[in-house]
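Q: Next up, coords05.cif (mmCIF, C-alpha atoms).
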data_work
loop_
_atom_site.group_PDB
_atom_site.id
_atom_site.type_symbol
_atom_site.label_atom_id
_atom_site.label_comp_id
_atom_site.auth_asym_id
_atom_site.auth_seq_id
_atom_site.Cartn_x
_atom_site.Cartn_y
_atom_site.Cartn_z
ATOM 1 C CA MET A 1463 26.333 24.526 8.827
ATOM 2 C CA LEU A 1464 23.517 25.373 11.272
ATOM 3 C CA ASP A 1465 23.938 22.096 13.148
ATOM 4 C CA GLY A 1466 23.491 20.064 9.975
ATOM 5 C CA ARG A 1467 20.346 21.797 8.791
ATOM 6 C CA VAL A 1468 22.061 23.050 5.631
ATOM 7 C CA LYS A 1469 24.254 20.517 3.894
ATOM 8 C CA THR A 1470 22.760 19.515 0.544
ATOM 9 C CA LEU A 1471 21.295 22.657 -1.083
ATOM 10 C CA HIS A 1472 24.346 23.508 -3.162
ATOM 11 C CA PRO A 1473 24.957 23.855 -6.931
ATOM 12 C CA LYS A 1474 27.691 21.241 -6.735
ATOM 13 C CA VAL A 1475 25.018 18.774 -5.637
ATOM 14 C CA HIS A 1476 21.832 19.873 -7.363
ATOM 15 C CA GLY A 1477 23.607 20.991 -10.510
ATOM 16 C CA GLY A 1478 25.017 17.496 -10.883
ATOM 17 C CA ILE A 1479 21.589 15.978 -10.304
ATOM 18 C CA LEU A 1480 19.428 18.285 -12.438
ATOM 19 C CA ALA A 1481 21.685 18.819 -15.465
ATOM 20 C CA ARG A 1482 20.336 17.307 -18.671
ATOM 21 C CA ARG A 1483 23.034 15.362 -20.471
ATOM 22 C CA ASP A 1484 21.243 15.810 -23.813
ATOM 23 C CA LEU A 1485 21.507 19.620 -23.726
ATOM 24 C CA PRO A 1486 24.948 20.997 -24.727
ATOM 25 C CA ALA A 1487 24.369 24.160 -22.675
ATOM 26 C CA HIS A 1488 23.839 22.084 -19.515
ATOM 27 C CA VAL A 1489 26.916 19.975 -20.188
ATOM 28 C CA ALA A 1490 28.981 23.121 -20.820
ATOM 29 C CA ALA A 1491 27.750 24.676 -17.573
ATOM 30 C CA LEU A 1492 28.833 21.600 -15.631
ATOM 31 C CA GLU A 1493 32.289 21.740 -17.208
ATOM 32 C CA LYS A 1494 32.638 25.491 -16.615
ATOM 33 C CA HIS A 1495 31.884 25.161 -12.895
ATOM 34 C CA ALA A 1496 33.648 21.831 -12.429
ATOM 35 C CA ILE A 1497 30.455 20.081 -11.368
ATOM 36 C CA PRO A 1498 30.526 16.313 -11.940
ATOM 37 C CA PRO A 1499 27.230 14.805 -13.133
ATOM 38 C CA ILE A 1500 25.439 12.598 -10.615
ATOM 39 C CA ASP A 1501 23.798 9.530 -12.143
ATOM 40 C CA LEU A 1502 22.416 7.812 -9.043
ATOM 41 C CA VAL A 1503 20.912 9.274 -5.865
ATOM 42 C CA VAL A 1504 20.113 7.115 -2.834
ATOM 43 C CA VAL A 1505 18.209 8.758 0.035
ATOM 44 C CA ASN A 1506 16.834 7.544 3.356
ATOM 45 C CA LEU A 1507 14.669 10.308 4.799
ATOM 46 C CA TYR A 1508 14.683 11.287 8.462
ATOM 47 C CA PRO A 1509 12.419 8.884 10.367
ATOM 48 C CA PHE A 1510 9.531 11.280 11.020
ATOM 49 C CA ARG A 1511 6.792 8.636 11.211
ATOM 50 C CA GLU A 1512 8.855 6.398 13.452
ATOM 51 C CA THR A 1513 9.648 9.354 15.724
ATOM 52 C CA VAL A 1514 6.051 10.538 16.199
ATOM 53 C CA ALA A 1515 4.925 6.945 16.785
ATOM 54 C CA LYS A 1516 7.005 6.819 19.975
ATOM 55 C CA PRO A 1517 5.128 7.473 23.227
ATOM 56 C CA GLY A 1518 5.832 10.920 24.590
ATOM 57 C CA CYS A 1519 7.141 12.373 21.343
ATOM 58 C CA THR A 1520 7.348 16.146 21.724
ATOM 59 C CA LEU A 1521 6.712 18.804 19.111
ATOM 60 C CA GLU A 1522 10.421 19.641 19.172
ATOM 61 C CA ASP A 1523 11.407 16.013 18.510
ATOM 62 C CA ALA A 1524 8.959 15.818 15.611
ATOM 63 C CA ILE A 1525 10.175 19.057 14.040
ATOM 64 C CA GLU A 1526 13.817 18.008 14.192
ATOM 65 C CA ASN A 1527 12.946 14.800 12.345
ATOM 66 C CA ILE A 1528 11.439 16.594 9.360
ATOM 67 C CA ASP A 1529 13.859 16.073 6.494
ATOM 68 C CA ILE A 1530 14.513 19.076 4.238
ATOM 69 C CA GLY A 1531 17.493 18.300 2.020
ATOM 70 C CA GLY A 1532 16.505 14.663 1.510
ATOM 71 C CA PRO A 1533 13.142 15.304 -0.180
ATOM 72 C CA THR A 1534 14.758 18.077 -2.232
ATOM 73 C CA MET A 1535 17.342 15.674 -3.638
ATOM 74 C CA VAL A 1536 14.710 13.001 -4.160
ATOM 75 C CA ARG A 1537 12.460 15.330 -6.149
ATOM 76 C CA ALA A 1538 15.370 16.742 -8.147
ATOM 77 C CA ALA A 1539 16.582 13.288 -9.148
ATOM 78 C CA ALA A 1540 13.069 12.084 -9.925
ATOM 79 C CA LYS A 1541 12.412 15.144 -12.093
ATOM 80 C CA ASN A 1542 15.538 14.337 -14.114
ATOM 81 C CA TRP A 1543 14.706 10.616 -14.384
ATOM 82 C CA HIS A 1544 15.813 10.470 -18.023
ATOM 83 C CA HIS A 1545 19.387 10.738 -16.776
ATOM 84 C CA VAL A 1546 19.341 9.989 -13.038
ATOM 85 C CA GLY A 1547 18.211 7.042 -10.948
ATOM 86 C CA ILE A 1548 16.612 7.791 -7.569
ATOM 87 C CA VAL A 1549 16.408 5.108 -4.877
ATOM 88 C CA VAL A 1550 14.278 5.605 -1.756
ATOM 89 C CA ASP A 1551 13.526 2.014 -0.747
ATOM 90 C CA PRO A 1552 16.239 -0.278 0.688
ATOM 91 C CA ALA A 1553 14.198 -3.240 -0.557
ATOM 92 C CA ASP A 1554 15.219 -2.223 -4.099
ATOM 93 C CA TYR A 1555 18.962 -2.271 -3.447
ATOM 94 C CA ALA A 1556 19.642 -5.888 -4.423
ATOM 95 C CA ALA A 1557 17.708 -5.773 -7.699
ATOM 96 C CA LEU A 1558 19.268 -2.452 -8.699
ATOM 97 C CA LEU A 1559 22.781 -3.631 -7.896
ATOM 98 C CA GLY A 1560 22.112 -6.653 -10.082
ATOM 99 C CA GLU A 1561 20.899 -4.474 -12.964
ATOM 100 C CA LEU A 1562 23.875 -2.136 -12.613
ATOM 101 C CA ALA A 1563 26.275 -5.073 -12.697
ATOM 102 C CA ALA A 1564 24.594 -6.606 -15.726
ATOM 103 C CA GLY A 1565 24.045 -3.356 -17.619
ATOM 104 C CA GLY A 1566 27.489 -1.796 -17.437
ATOM 105 C CA ARG A 1567 26.644 0.363 -14.397
ATOM 106 C CA THR A 1568 23.614 1.823 -16.173
ATOM 107 C CA LEU A 1569 19.944 1.554 -15.277
ATOM 108 C CA SER A 1570 17.385 1.111 -18.034
ATOM 109 C CA THR A 1571 14.945 3.863 -18.980
ATOM 110 C CA ALA A 1572 12.049 1.773 -17.676
ATOM 111 C CA THR A 1573 13.781 1.261 -14.329
ATOM 112 C CA ARG A 1574 14.597 4.966 -13.912
ATOM 113 C CA PHE A 1575 11.009 5.934 -14.663
ATOM 114 C CA ALA A 1576 9.661 3.333 -12.205
ATOM 115 C CA LEU A 1577 12.042 4.679 -9.553
ATOM 116 C CA ALA A 1578 10.904 8.259 -10.226
ATOM 117 C CA ARG A 1579 7.252 7.301 -9.817
ATOM 118 C CA LYS A 1580 8.069 5.569 -6.549
ATOM 119 C CA ALA A 1581 10.121 8.539 -5.358
ATOM 120 C CA PHE A 1582 7.370 11.112 -5.900
ATOM 121 C CA SER A 1583 4.878 8.822 -4.150
ATOM 122 C CA HIS A 1584 7.361 8.445 -1.293
ATOM 123 C CA THR A 1585 7.784 12.187 -0.730
ATOM 124 C CA ALA A 1586 4.010 12.715 -1.047
ATOM 125 C CA SER A 1587 3.435 10.108 1.663
ATOM 126 C CA TYR A 1588 6.165 11.632 3.835
ATOM 127 C CA ASP A 1589 4.724 15.143 3.562
ATOM 128 C CA GLY A 1590 1.226 13.778 4.154
ATOM 129 C CA ALA A 1591 2.349 12.156 7.400
ATOM 130 C CA ILE A 1592 3.887 15.447 8.546
ATOM 131 C CA SER A 1593 0.711 17.345 7.684
ATOM 132 C CA ASN A 1594 -1.502 14.808 9.476
ATOM 133 C CA TRP A 1595 0.560 15.027 12.656
ATOM 134 C CA LEU A 1596 1.216 18.775 12.765
ATOM 135 C CA THR A 1597 -2.344 19.856 11.948
ATOM 136 C CA ALA A 1598 -3.489 17.856 14.963
ATOM 137 C CA ARG A 1599 -1.228 19.916 17.249
ATOM 138 C CA GLY A 1600 -1.154 23.420 18.634
ATOM 139 C CA PRO A 1601 1.971 25.588 18.988
ATOM 140 C CA ASP A 1602 2.373 24.235 22.510
ATOM 141 C CA GLY A 1603 2.388 20.659 21.217
ATOM 142 C CA ALA A 1604 -1.038 19.834 22.657
ATOM 143 C CA ALA A 1605 -2.852 17.271 20.539
ATOM 144 C CA SER A 1606 -6.410 17.621 19.233
ATOM 145 C CA ASP A 1607 -8.732 14.731 18.494
ATOM 146 C CA PHE A 1608 -8.622 15.159 14.724
ATOM 147 C CA PRO A 1609 -6.194 16.876 12.338
ATOM 148 C CA ASP A 1610 -7.283 19.895 10.326
ATOM 149 C CA ARG A 1611 -6.015 18.112 7.233
ATOM 150 C CA PHE A 1612 -6.078 14.374 6.638
ATOM 151 C CA ASN A 1613 -3.881 12.939 3.889
ATOM 152 C CA LEU A 1614 -4.375 9.355 2.785
ATOM 153 C CA GLN A 1615 -1.960 7.329 0.678
ATOM 154 C CA ALA A 1616 -3.121 4.077 -0.904
ATOM 155 C CA GLU A 1617 -1.491 1.686 -3.358
ATOM 156 C CA LYS A 1618 -3.283 -0.249 -6.062
ATOM 157 C CA VAL A 1619 -3.447 -3.943 -5.250
ATOM 158 C CA GLN A 1620 -5.129 -5.070 -8.452
ATOM 159 C CA ASP A 1621 -7.541 -4.212 -11.228
ATOM 160 C CA LEU A 1622 -10.945 -5.751 -10.574
ATOM 161 C CA ARG A 1623 -13.033 -7.774 -13.000
ATOM 162 C CA TYR A 1624 -15.614 -4.985 -13.066
ATOM 163 C CA GLY A 1625 -17.129 -2.343 -10.798
ATOM 164 C CA GLU A 1626 -20.453 -2.314 -9.013
ATOM 165 C CA ASN A 1627 -22.041 -3.068 -12.392
ATOM 166 C CA PRO A 1628 -20.536 -5.098 -15.269
ATOM 167 C CA HIS A 1629 -20.157 -2.057 -17.557
ATOM 168 C CA GLN A 1630 -18.028 -0.195 -14.972
ATOM 169 C CA GLN A 1631 -14.291 -0.414 -14.321
ATOM 170 C CA ALA A 1632 -12.786 -0.653 -10.852
ATOM 171 C CA ALA A 1633 -9.527 -1.201 -8.983
ATOM 172 C CA PHE A 1634 -8.756 -2.187 -5.396
ATOM 173 C CA TYR A 1635 -6.532 0.130 -3.360
ATOM 174 C CA ARG A 1636 -5.008 -0.513 0.046
ATOM 175 C CA ASP A 1637 -3.702 1.723 2.829
ATOM 176 C CA GLU A 1638 0.062 1.892 3.197
ATOM 177 C CA GLN A 1639 -0.326 0.275 6.619
ATOM 178 C CA PRO A 1640 -3.540 -1.781 6.538
ATOM 179 C CA GLY A 1641 -4.924 -3.029 9.810
ATOM 180 C CA ALA A 1642 -4.253 -6.662 10.688
ATOM 181 C CA GLY A 1643 -7.081 -8.989 9.776
ATOM 182 C CA THR A 1644 -8.818 -6.559 7.436
ATOM 183 C CA ILE A 1645 -10.008 -7.467 3.963
ATOM 184 C CA ALA A 1646 -7.122 -5.375 2.621
ATOM 185 C CA THR A 1647 -4.659 -8.081 3.712
ATOM 186 C CA TYR A 1648 -6.397 -10.932 1.898
ATOM 187 C CA ARG A 1649 -4.556 -13.520 -0.206
ATOM 188 C CA GLN A 1650 -6.547 -15.122 -2.991
ATOM 189 C CA LEU A 1651 -6.012 -18.870 -3.208
ATOM 190 C CA GLN A 1652 -7.993 -19.702 -6.332
ATOM 191 C CA GLY A 1653 -10.815 -18.626 -8.628
ATOM 192 C CA LYS A 1654 -11.362 -15.859 -11.149
ATOM 193 C CA GLU A 1655 -10.420 -12.231 -10.640
ATOM 194 C CA LEU A 1656 -12.487 -10.488 -7.992
ATOM 195 C CA SER A 1657 -15.075 -7.825 -8.691
ATOM 196 C CA TYR A 1658 -15.978 -4.748 -6.686
ATOM 197 C CA ASN A 1659 -19.010 -6.539 -5.206
ATOM 198 C CA ASN A 1660 -16.915 -9.547 -4.171
ATOM 199 C CA ILE A 1661 -14.641 -7.342 -2.072
ATOM 200 C CA ALA A 1662 -17.428 -5.114 -0.731
ATOM 201 C CA ASP A 1663 -19.516 -8.138 0.330
ATOM 202 C CA SER A 1664 -16.519 -9.915 1.848
ATOM 203 C CA ASP A 1665 -15.715 -6.811 3.866
ATOM 204 C CA ALA A 1666 -19.319 -6.523 5.069
ATOM 205 C CA ALA A 1667 -19.347 -10.209 6.029
ATOM 206 C CA TRP A 1668 -16.099 -9.803 7.965
ATOM 207 C CA GLU A 1669 -17.306 -6.727 9.834
ATOM 208 C CA CYS A 1670 -20.317 -8.762 10.956
ATOM 209 C CA VAL A 1671 -18.680 -12.091 11.759
ATOM 210 C CA LYS A 1672 -15.825 -10.584 13.793
ATOM 211 C CA THR A 1673 -18.341 -9.436 16.409
ATOM 212 C CA PHE A 1674 -18.822 -13.068 17.459
ATOM 213 C CA ALA A 1675 -16.661 -14.749 20.077
ATOM 214 C CA GLU A 1676 -18.007 -18.137 18.978
ATOM 215 C CA THR A 1677 -17.291 -19.977 15.727
ATOM 216 C CA ALA A 1678 -19.575 -18.219 13.278
ATOM 217 C CA CYS A 1679 -20.335 -17.706 9.604
ATOM 218 C CA VAL A 1680 -21.957 -14.802 7.755
ATOM 219 C CA ILE A 1681 -23.132 -14.840 4.135
ATOM 220 C CA VAL A 1682 -23.646 -11.489 2.381
ATOM 221 C CA LYS A 1683 -25.073 -10.759 -1.066
ATOM 222 C CA HIS A 1684 -25.066 -7.193 -2.408
ATOM 223 C CA ALA A 1685 -24.286 -5.801 1.070
ATOM 224 C CA ASN A 1686 -27.264 -7.604 2.657
ATOM 225 C CA PRO A 1687 -26.734 -10.420 5.182
ATOM 226 C CA CYS A 1688 -28.462 -13.560 3.870
ATOM 227 C CA GLY A 1689 -27.543 -15.820 6.749
ATOM 228 C CA VAL A 1690 -25.778 -15.646 10.099
ATOM 229 C CA ALA A 1691 -25.074 -18.665 12.271
ATOM 230 C CA ILE A 1692 -22.873 -19.999 15.060
ATOM 231 C CA ALA A 1693 -21.857 -23.643 15.493
ATOM 232 C CA ALA A 1694 -19.140 -25.901 16.824
ATOM 233 C CA THR A 1695 -17.176 -25.872 13.543
ATOM 234 C CA PRO A 1696 -16.803 -23.448 10.613
ATOM 235 C CA LEU A 1697 -18.395 -26.056 8.322
ATOM 236 C CA ASP A 1698 -21.491 -26.439 10.475
ATOM 237 C CA ALA A 1699 -21.736 -22.661 10.856
ATOM 238 C CA TYR A 1700 -21.640 -22.283 7.077
ATOM 239 C CA ARG A 1701 -24.325 -24.923 6.558
ATOM 240 C CA LYS A 1702 -26.626 -23.220 9.067
ATOM 241 C CA ALA A 1703 -26.013 -19.773 7.594
ATOM 242 C CA PHE A 1704 -26.694 -21.035 4.088
ATOM 243 C CA ALA A 1705 -29.883 -22.792 5.190
ATOM 244 C CA THR A 1706 -31.250 -19.467 6.471
ATOM 245 C CA ASP A 1707 -31.973 -18.273 2.923
ATOM 246 C CA PRO A 1708 -30.435 -20.483 0.207
ATOM 247 C CA THR A 1709 -31.946 -18.425 -2.619
ATOM 248 C CA SER A 1710 -30.473 -15.107 -1.526
ATOM 249 C CA ALA A 1711 -27.171 -16.717 -0.513
ATOM 250 C CA PHE A 1712 -26.619 -18.054 -4.051
ATOM 251 C CA GLY A 1713 -23.599 -16.221 -5.458
ATOM 252 C CA GLY A 1714 -22.928 -14.369 -2.217
ATOM 253 C CA SER A 1715 -19.766 -13.995 -0.142
ATOM 254 C CA SER A 1716 -19.234 -15.922 3.068
ATOM 255 C CA ARG A 1717 -16.895 -15.237 5.951
ATOM 256 C CA SER A 1718 -16.183 -17.569 8.856
ATOM 257 C CA THR A 1719 -14.199 -17.344 12.053
ATOM 258 C CA GLY A 1720 -11.632 -20.040 12.673
ATOM 259 C CA PRO A 1721 -9.431 -21.853 10.154
ATOM 260 C CA SER A 1722 -10.825 -24.192 7.545
ATOM 261 C CA THR A 1723 -9.448 -27.073 5.509
ATOM 262 C CA ARG A 1724 -10.053 -27.411 1.801
ATOM 263 C CA ARG A 1725 -12.197 -30.468 2.479
ATOM 264 C CA ARG A 1726 -14.469 -28.345 4.661
ATOM 265 C CA SER A 1727 -14.711 -25.759 1.865
ATOM 266 C CA LYS A 1728 -16.359 -28.180 -0.588
ATOM 267 C CA PRO A 1729 -19.921 -27.268 0.489
ATOM 268 C CA CYS A 1730 -19.175 -23.651 -0.498
ATOM 269 C CA ARG A 1731 -18.343 -24.786 -4.012
ATOM 270 C CA ARG A 1732 -21.446 -26.969 -4.261
ATOM 271 C CA SER A 1733 -23.687 -24.093 -3.191
ATOM 272 C CA PHE A 1734 -21.958 -21.565 -5.496
ATOM 273 C CA SER A 1735 -20.389 -18.983 -3.264
ATOM 274 C CA ARG A 1736 -18.815 -16.136 -5.213
ATOM 275 C CA CYS A 1737 -16.215 -15.481 -2.539
ATOM 276 C CA SER A 1738 -15.436 -17.521 0.559
ATOM 277 C CA SER A 1739 -12.890 -16.194 3.050
ATOM 278 C CA ARG A 1740 -11.362 -17.476 6.285
ATOM 279 C CA PRO A 1741 -8.689 -16.250 8.713
ATOM 280 C CA ALA A 1742 -6.510 -19.172 7.541
ATOM 281 C CA THR A 1743 -6.743 -22.337 5.497
ATOM 282 C CA ARG A 1744 -5.005 -25.570 6.363
ATOM 283 C CA PRO A 1745 -4.242 -27.944 3.496
ATOM 284 C CA THR A 1746 -5.970 -31.308 3.724
ATOM 285 C CA ARG A 1747 -3.582 -34.167 4.442
ATOM 286 C CA SER A 1748 -3.032 -36.441 1.445
ATOM 287 C CA ARG A 1749 -3.997 -40.087 1.791
#
Mind converting the file's structure to structure tokens?
A:
Amino acid sequence: MLDGRVKTLHPKVHGGILARRDLPAHVAALEKHAIPPIDLVVVNLYPFRETVAKPGCTLEDAIENIDIGGPTMVRAAAKNWHHVGIVVDPADYAALLGELAAGGRTLSTATRFALARKAFSHTASYDGAISNWLTARGPDGAASDFPDRFNLQAEKVQDLRYGENPHQQAAFYRDEQPGAGTIATYRQLQGKELSYNNIADSDAAWECVKTFAETACVIVKHANPCGVAIAATPLDAYRKAFATDPTSAFGGSSRSTGPSTRRRSKPCRRSFSRCSSRPATRPTRSR
């Protein structure tokens, strides 16, 4: 009814999702009202973020792409995770179908809880995106420079070896949609687990080195640049940057523009660089 705005908020749906199978009173209520239990809920929310990302999106278009029934079903199923599986990510379909086939059409407790955690994070991110967009608009749809409320969603990438100091704990979190070429998109090739200072110094080095159009290298230790140099190759740039202040550069983080081979990275190992990062690394050809 109401052009599709009301189609899921019904006891036949939410009763089947929210009923606890371990409570006789809930089971009896389902039987009395002929409500079949629902064990698996799969929801793809209206594409609000994709809609507002389109040039010329109007306030009316944005409003009509705010899902109401979808998040309600997601939250209901996630709340009742002991008995119901909730799926919000198509990337999970294959693995879940495999588990259902292998487990007699039943998901494990661990899987249902993991899905519930993901579902609540999903609806929080969805509502945050709506809040960010709407609070930057007036009733006429005119946009302001900044929203009244800014909601940020980040996922944990990894636990870090330690925080700013060895006695502190830390973890590295990343935006849902990190910018291309930022430290958040790094891929570690080798070495021990990173610390807070490794990532902070690598980020500082990158913010500096990316201002150069030429092949350049920046070495940072404890947020202070120890050496900055440009040269014809990344290797020569590193050597010049290191020669600026070898004492301070010891144990620092270096960042270069341009790709590097593993052979060219050997000087970094000889001079003890805590963290060396490049836009790309080409494997050295075997001989």
Q: For the PyMOL selection byres ((chain A and resi 1611) around 10), applied here, can you spell out every residue it catches as a list in words?
A: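 Output of the PyMOL selection byres ((chain A and resi 1611) around 10): Gly1590, Ser1593, Asn1594, Trp1595, Leu1596, Thr1597, Ala1598, Phe1608, Pro1609, Asp1610, Phe1612, Asn1613 and Leu1614 of chain A.
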Q: Quick one: what's the axis-aligned box for region 1467-1485 of chain A, all listed atoms, 3 Å on every side, centre and edges in Å to one decimal, as AutoDock Vina command-line options?
A:
--center_x 23.6 --center_y 19.6 --center_z -7.5 --size_x 14.3 --size_y 14.5 --size_z 38.6
Q: Determine the residue set returned by the PyMOL selection byres ((chain A and resi 1498) around 6) for the present structure, and present it as a list in words.
A: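 For this structure, the PyMOL selection byres ((chain A and resi 1498) around 6) resolves to Gly1478, Ile1497 and Pro1499 of chain A.
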Q: I need the residues from that last selection saved to file as a PDB file, in the frame of the given file (with C-alpha atoms), if you can.
A:
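Listing of part.pdb after writing:
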ATOM      1  CA  GLY A1478      25.017  17.496 -10.883  1.00  0.00           C
ATOM      2  CA  ILE A1497      30.455  20.081 -11.368  1.00  0.00           C
ATOM      3  CA  PRO A1499      27.230  14.805 -13.133  1.00  0.00           C
TER       4      PRO A1499
END
Q: Determine, counting only C-alpha atoms, which protein, DNA and RNA residues have an atom within 12 Å of an atom of Ala1496 (chain A); residues of the same chain fewer than 6 positions away are not included. Present the result as number ranges by chain.
A: A: 1473-1475, 1477-1478, 1489-1490
Q: Counting all atoms listed in the file, which of A:Gly1547, A:Gly1603, A:Pro1708, A:Gly1532 gets nearest to Val1514 (chain A)?
A: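 Looking only at the distances to Val1514 (chain A), the closest residue turns out to be A:Gly1603.
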Q: Neighbours of Lys1618 (chain A) within 10 Å (all atoms listed in the file; same-chain residues fewer than 3 positions away dropped), as a VMD selection string?
A: chain A and resid 1621 1633 to 1637
Q: Contacts between region 1503-1509 of chain A and region 1524-1544 of chain A, please, where a residue of region 1524-1544 of chain A counts if it comes within 10 Å (with all atoms listed in the file); show its shortest atom pair and distance in Å to one decimal, rows by chain and ascending number, as JSON lines.
A:
{"residue": "A:Ala1524", "atom": "CA", "partner": "A:Pro1509", "partner_atom": "CA", "distance": 9.4}
{"residue": "A:Glu1526", "atom": "CA", "partner": "A:Tyr1508", "partner_atom": "CA", "distance": 8.9}
{"residue": "A:Asn1527", "atom": "CA", "partner": "A:Tyr1508", "partner_atom": "CA", "distance": 5.5}
{"residue": "A:Ile1528", "atom": "CA", "partner": "A:Tyr1508", "partner_atom": "CA", "distance": 6.3}
{"residue": "A:Asp1529", "atom": "CA", "partner": "A:Tyr1508", "partner_atom": "CA", "distance": 5.2}
{"residue": "A:Ile1530", "atom": "CA", "partner": "A:Leu1507", "partner_atom": "CA", "distance": 8.8}
{"residue": "A:Gly1531", "atom": "CA", "partner": "A:Leu1507", "partner_atom": "CA", "distance": 8.9}
{"residue": "A:Gly1532", "atom": "CA", "partner": "A:Leu1507", "partner_atom": "CA", "distance": 5.8}
{"residue": "A:Pro1533", "atom": "CA", "partner": "A:Leu1507", "partner_atom": "CA", "distance": 7.2}
{"residue": "A:Met1535", "atom": "CA", "partner": "A:Val1503", "partner_atom": "CA", "distance": 7.7}
{"residue": "A:Val1536", "atom": "CA", "partner": "A:Val1505", "partner_atom": "CA", "distance": 6.9}
{"residue": "A:Ala1538", "atom": "CA", "partner": "A:Val1503", "partner_atom": "CA", "distance": 9.6}
{"residue": "A:Ala1539", "atom": "CA", "partner": "A:Val1503", "partner_atom": "CA", "distance": 6.8}
{"residue": "A:Ala1540", "atom": "CA", "partner": "A:Val1503", "partner_atom": "CA", "distance": 9.3}
Q: Could you state the separation of CA of Val1682 (chain A) and CA of Gly1641 (chain A) in Å, given to one decimal place?
A: 21.8 Å
Q: From the set A:Ile1692, A:Leu1492, A:Leu1622, A:Ile1548, which residue has the shortest atom-to-atom contact distance to Ser1718 (chain A), counting all atoms listed in the file?
A: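 Checking each candidate against Ser1718 (chain A), we get A:Ile1692 as the closest.
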Q: Smallest atom-to-atom distance to Glu1522 (chain A): which of A:Asp1663, A:Glu1561, A:Asp1602, A:Asp1607, using all atoms listed in the file?
A: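 Among the listed residues, the smallest separation from Glu1522 (chain A) belongs to A:Asp1602.
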Q: Step by step, work through what the PyMOL selection byres ((chain A and resi 1644-1655) around 8) selects in the shown file, and finish by giving those residues as a list in words.
A: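 Against this file, the PyMOL selection byres ((chain A and resi 1644-1655) around 8) returns the residues Leu1622, Arg1623, Arg1636, Asp1637, Pro1640, Gly1641, Ala1642, Gly1643, Leu1656, Ser1657, Ile1661, Ser1664, Asp1665 and Trp1668 of chain A.
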Q: Please complete region 1622-1633 of chain A so it has N, CA and C atoms, and hand it over as an mmCIF file, in the frame of the given file.
A:
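Wrote selection-v4.cif, looks like this:
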data_model
loop_
_atom_site.group_PDB
_atom_site.id
_atom_site.type_symbol
_atom_site.label_atom_id
_atom_site.label_comp_id
_atom_site.auth_asym_id
_atom_site.auth_seq_id
_atom_site.Cartn_x
_atom_site.Cartn_y
_atom_site.Cartn_z
ATOM 1 N N LEU A 1622 -9.848 -4.834 -10.843
ATOM 2 C CA LEU A 1622 -10.945 -5.751 -10.574
ATOM 3 C C LEU A 1622 -11.659 -6.133 -11.872
ATOM 4 N N ARG A 1623 -12.369 -7.251 -11.811
ATOM 5 C CA ARG A 1623 -13.033 -7.774 -13.000
ATOM 6 C C ARG A 1623 -14.014 -6.752 -13.563
ATOM 7 N N TYR A 1624 -14.741 -6.094 -12.699
ATOM 8 C CA TYR A 1624 -15.614 -4.985 -13.066
ATOM 9 C C TYR A 1624 -16.012 -4.256 -11.792
ATOM 10 N N GLY A 1625 -16.739 -3.136 -11.951
ATOM 11 C CA GLY A 1625 -17.129 -2.343 -10.798
ATOM 12 C C GLY A 1625 -18.418 -2.833 -10.177
ATOM 13 N N GLU A 1626 -19.197 -1.918 -9.646
ATOM 14 C CA GLU A 1626 -20.453 -2.314 -9.013
ATOM 15 C C GLU A 1626 -21.405 -2.935 -10.034
ATOM 16 N N ASN A 1627 -21.277 -2.497 -11.283
ATOM 17 C CA ASN A 1627 -22.041 -3.068 -12.392
ATOM 18 C C ASN A 1627 -21.074 -3.518 -13.479
ATOM 19 N N PRO A 1628 -21.473 -4.521 -14.293
ATOM 20 C CA PRO A 1628 -20.536 -5.098 -15.269
ATOM 21 C C PRO A 1628 -19.966 -4.108 -16.275
ATOM 22 N N HIS A 1629 -20.663 -3.005 -16.567
ATOM 23 C CA HIS A 1629 -20.157 -2.057 -17.557
ATOM 24 C C HIS A 1629 -19.174 -1.044 -16.956
ATOM 25 N N GLN A 1630 -18.917 -1.147 -15.642
ATOM 26 C CA GLN A 1630 -18.028 -0.195 -14.972
ATOM 27 C C GLN A 1630 -16.663 -0.816 -14.693
ATOM 28 N N GLN A 1631 -15.639 0.021 -14.655
ATOM 29 C CA GLN A 1631 -14.291 -0.414 -14.321
ATOM 30 C C GLN A 1631 -14.004 -0.105 -12.851
ATOM 31 N N ALA A 1632 -13.120 -0.871 -12.267
ATOM 32 C CA ALA A 1632 -12.786 -0.653 -10.852
ATOM 33 C C ALA A 1632 -11.399 -1.204 -10.555
ATOM 34 N N ALA A 1633 -10.809 -0.705 -9.486
ATOM 35 C CA ALA A 1633 -9.527 -1.201 -8.983
ATOM 36 C C ALA A 1633 -9.593 -1.200 -7.463
#
